[in-house]
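Please read the structure below before turning to the comments.
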Amino acid sequence: MAAQMMRAVVAAGKGGPEVLSWGKAAMPVPSPSQYLLKIKATAINRADTLQREGNYPVPKGASQILGLEGVGEVVSVPAETDGKDGVKVGDKVMALLSGGGNAEYCVADSGCVMPMPAGMTFTDAAAIPEVWLTAFQLLHTIAKVKEGDHVLIHAGASGVGTAAVQLCRYFKAVPFVTASSDEKIDFCKQLGAEAGINYKTGPPFGTAIHELTGGKGADIILDPVGASYFEQNLQASAVDARWVLFAFMGGGNVKDVSGKGINISAILRKRIQITGTTLRSRTNEYKSDLVHDFSKLVLPGFESGELKPIIDRVMSIEEIAEAHRYMAQNANKGKIVLTVPDE
């Protein structure tokens with residue numbers, strides 16, 4: 001029997017944005033532990049651009065279609081739960097995905113679906129799942145953020161960065177950001193950042209953060225940059241700092257540009273805890289626990305207005321190549337959301 005078809009983002013091989021188009025793909029068939037969702041809006045993440053280029057292997061069993069989040073309506077519920085988890089056909093939900101969100105339909109694992117906050121639009125909700133759950137994982141699950149912590153957030157105007165700034169204030173911590181322009185820093189301050197450091201024109205953040213924190217340094221560093229920030233992160237760290245590495249936008253190989261070597265003794269002297277983490281490749285059990293904690297601790301903040309999803313622009317998914325070109329410019333402040341037509 002021929003597979004039922006749907007509209008989806010398809011790739012004509014690996015490469016630049018031009019390989020992407022809005023075409024046709026086989027409609028997913030949910031397993032007994034999965035929901036089937038009709039997608040109304042989705043979004044782009046850095047992982048999507050890396051996968052498009054052939055630099056991000058798709059986790060085993062995940063859809064080859066791009067998209068790590070989707071919001072829409074429930075078409076069918078998992079046979080294993082049969083609605084006992086409170087989610088029913090027709091409900092408006094947000095889903096954390098391992099892939100497949102850039103399509104008309106997707107499947108979502110049981111436990112990875114959350115109700116949309118009351119009164120929120122599909123486009124606003126599409127800016128929540130991947131980046132907010134990532135930021136929550138970094139701060140709450142891994143770094144164990146607590147009241148009064150000084151948190152240094154690299155790429156502060158990114159999707160994860162803008163979520164992390166708000167979550168810091170929500171958990172009564174003090175956020176500081178690095179960004180590529182004064183405009184982005186001012187934007188982060190509007191969201192709650194205490195101060196920002198322009199890494200292109202400002203002083204080195206490794207020393208600047210100590211001046212901004214009265215000589216203490218950063219208790220927590222959220223680092224999606226990697227190698228190029230390694231030495232300055234050592235400088236920026238406070239005693240007993242928790243440094244969480246979650247991407248390698250600045251490379252994965254630490255290079256000694258001075259010829260004198262990089263002194264890593266600060267890791268011992270300051271008792272720095274360096275933790276590497278991902279989210280996409282985590283087990284369903286881990287993601288389910290994360291979604292549960294996020295739903296309990298953070299979702300009420302969206303309904304009260306204390307937290308808000310940050311959207312740079314909304315585009316039609318039919319403009320998928322142009323959306324990827326825009327992300328490549330690194331000009332966005334917040335998420336690039338994609339609406340999915342009904343037909």
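Lettering and numbering for the structure tokens are positional, with chains as A, B, ... in the shown order, residues counted from 1 in each chain, and ligands counted from 1 in the shown order.
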Residue list (helix (DSSP H, G or I), DSSP) for segment 128-255 of chain A, as a PyMOL selection string: chain A and resi 129-142+159-170+182-191+205-212+227-236
task: Using DSSP on the backbone, list every residue of segment 58-161 of chain A that comes out as strand (DSSP E), and give them as a list of chain:residue names.
output: A:Glu69, A:Gly70, A:Val71, A:Gly72, A:Glu73, A:Val74, A:Val75, A:Ser76, A:Lys92, A:Val93, A:Met94, A:Ala95, A:Leu96, A:Tyr105, A:Cys106, A:Val107, A:Ala108, A:Asp109, A:Val113, A:Met114, A:Pro115, A:His150, A:Val151, A:Leu152, A:Ile153
task: Rank nothing, just name the residue among A:Pro17, A:Gly250, A:Gly23, A:Pro78 nearest to Glu318 of chain A, using only C-alpha atoms.
output: A:Gly23
Residue neighbourhood Asp240 of chain A, 8 Å, only C-alpha atoms, exclusion window fewer than 5 positions, as a count of residues only: 5
- prompt: What lies within 10 Å of Ala135 of chain A using only C-alpha atoms, ignoring chain neighbours under 3 positions off, as a list of chain:residue names?
  reply: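 My list of contacting residues is A:Glu130, A:Val131, A:Trp132, A:Leu138, A:Leu139, A:His140, A:Thr141, A:Gly159, A:Val160, A:Gly161, A:Thr162, A:Ala163, A:Ala164, A:Val165, A:Gln166, A:Leu167, A:Cys168, A:Leu222.
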Excluding Ser304 of chain A and residues on its chain fewer than 5 positions from it, collect all residues at most 12 Å away from it, counting only C-alpha atoms, and give them as a tab-separated table (two decimals) with N, CA and C atoms, in the first residue's frame.
```tsv
chain	number	residue	atom	x	y	z
A	117	PRO	N	0.13	27.63	26.21
A	117	PRO	CA	-0.38	28.56	27.22
A	117	PRO	C	-1.68	29.22	26.77
A	118	ALA	N	-2.59	29.41	27.69
A	118	ALA	CA	-3.90	29.98	27.37
A	118	ALA	C	-3.75	31.33	26.68
A	119	GLY	N	-4.48	31.49	25.57
A	119	GLY	CA	-4.49	32.76	24.86
A	119	GLY	C	-3.32	32.98	23.93
A	120	MET	N	-2.39	32.06	23.85
A	120	MET	CA	-1.21	32.24	23.01
A	120	MET	C	-1.50	31.79	21.58
A	170	TYR	N	13.58	35.13	36.21
A	170	TYR	CA	12.46	34.33	36.75
A	170	TYR	C	12.92	33.53	37.98
A	298	VAL	N	7.78	26.52	34.67
A	298	VAL	CA	7.97	27.66	33.77
A	298	VAL	C	6.72	28.05	33.00
A	299	LEU	N	5.94	27.08	32.50
A	299	LEU	CA	4.76	27.43	31.70
A	299	LEU	C	3.84	28.44	32.39
```
message: Which residues are near segment 100-104 of chain A? Cut-off 10 Å, only C-alpha atoms, ignore same chain within fewer than 3 positions. Put them as a PyMOL selection string.
response: chain A and resi 5-10+22-25+27-28+37-44+48+62-72+95-97+107-108+317+320+338-343
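Closest approach to Lys200 of chain A among A:Asn332, A:Lys296, A:Asp182, A:Val174: A:Asp182, based on only C-alpha atoms.
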task: With a distance cut-off of 8 Å and only C-alpha atoms, select the neighbouring residues of Ser228 of chain A, excluding the residue or stretch itself and same-chain residues fewer than 4 positions from it, and output the selection as a PyMOL selection string.
output: chain A and resi 250-251+254-255
Prev. selection, N, CA, C and O atoms, output as a short mmCIF file (atom, residue, chain, number, x, y, z; two decimals), in the first residue's frame:
```
data_model
loop_
_atom_site.label_atom_id
_atom_site.label_comp_id
_atom_site.auth_asym_id
_atom_site.auth_seq_id
_atom_site.Cartn_x
_atom_site.Cartn_y
_atom_site.Cartn_z
N GLY A 250 32.20 28.42 17.72
CA GLY A 250 33.55 28.95 17.57
C GLY A 250 34.59 27.86 17.40
O GLY A 250 35.79 28.11 17.59
N GLY A 251 34.14 26.66 17.03
CA GLY A 251 35.06 25.56 16.79
C GLY A 251 35.19 24.61 17.96
O GLY A 251 34.87 24.95 19.11
N VAL A 254 40.66 23.73 20.56
CA VAL A 254 41.26 24.88 21.23
C VAL A 254 42.67 25.10 20.67
O VAL A 254 43.51 24.20 20.69
N LYS A 255 42.92 26.31 20.18
CA LYS A 255 44.21 26.64 19.58
C LYS A 255 44.95 27.67 20.43
O LYS A 255 44.35 28.59 20.96
#
```
Among the residues A:Met94, A:Val29, A:Ala331, A:Ile267, the one that comes closest to Asp124 of chain A [using only C-alpha atoms]: A:Met94
message: Calculated over only C-alpha atoms, which of the candidates A:Gln137, A:Ser21, A:Thr121, A:Ser31 has the smallest distance to Cys106 of chain A?
response: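 Residue with the minimum atom-to-atom distance to Cys106 of chain A: A:Ser31.
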Tell me, counting only C-alpha atoms, for each residue of segment 91-148 of chain A within 9 Å of segment 281-287 of chain A, which pair of atoms is nearest and how far apart they are in Å to one decimal, in rows ordered by chain and increasing number, as a tab-separated table.
```
residue	atom	partner	partner_atom	distance
A:Leu96	CA	A:Lys287	CA	8.3
A:Ser98	CA	A:Ser281	CA	7.4
A:Asp109	CA	A:Asn284	CA	7.2
A:Ser110	CA	A:Asn284	CA	8.1
A:Gly111	CA	A:Lys287	CA	7.5
A:Cys112	CA	A:Lys287	CA	6.5
```
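You will find atom CA of Ala266 of chain A at 24.5 Å from atom CA of Asn198 of chain A.
Of the residues listed (A:Ala173, A:Ser76, A:Ala328, A:His150), A:His150 shows the shortest atom-to-atom separation from Gly215 of chain A; distances use only C-alpha atoms.
Atom CA of Lys333 of chain A is positioned 5.0 Å from atom CA of Ala157 of chain A.
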- line: Using only C-alpha atoms, the residue out of A:Pro175, A:Gly90, A:Pro57, A:Pro203 with shortest distance to His154 of chain A is A:Pro175
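The space between atom CA of Lys335 of chain A and atom CA of Gly276 of chain A spans 23.5 Å.
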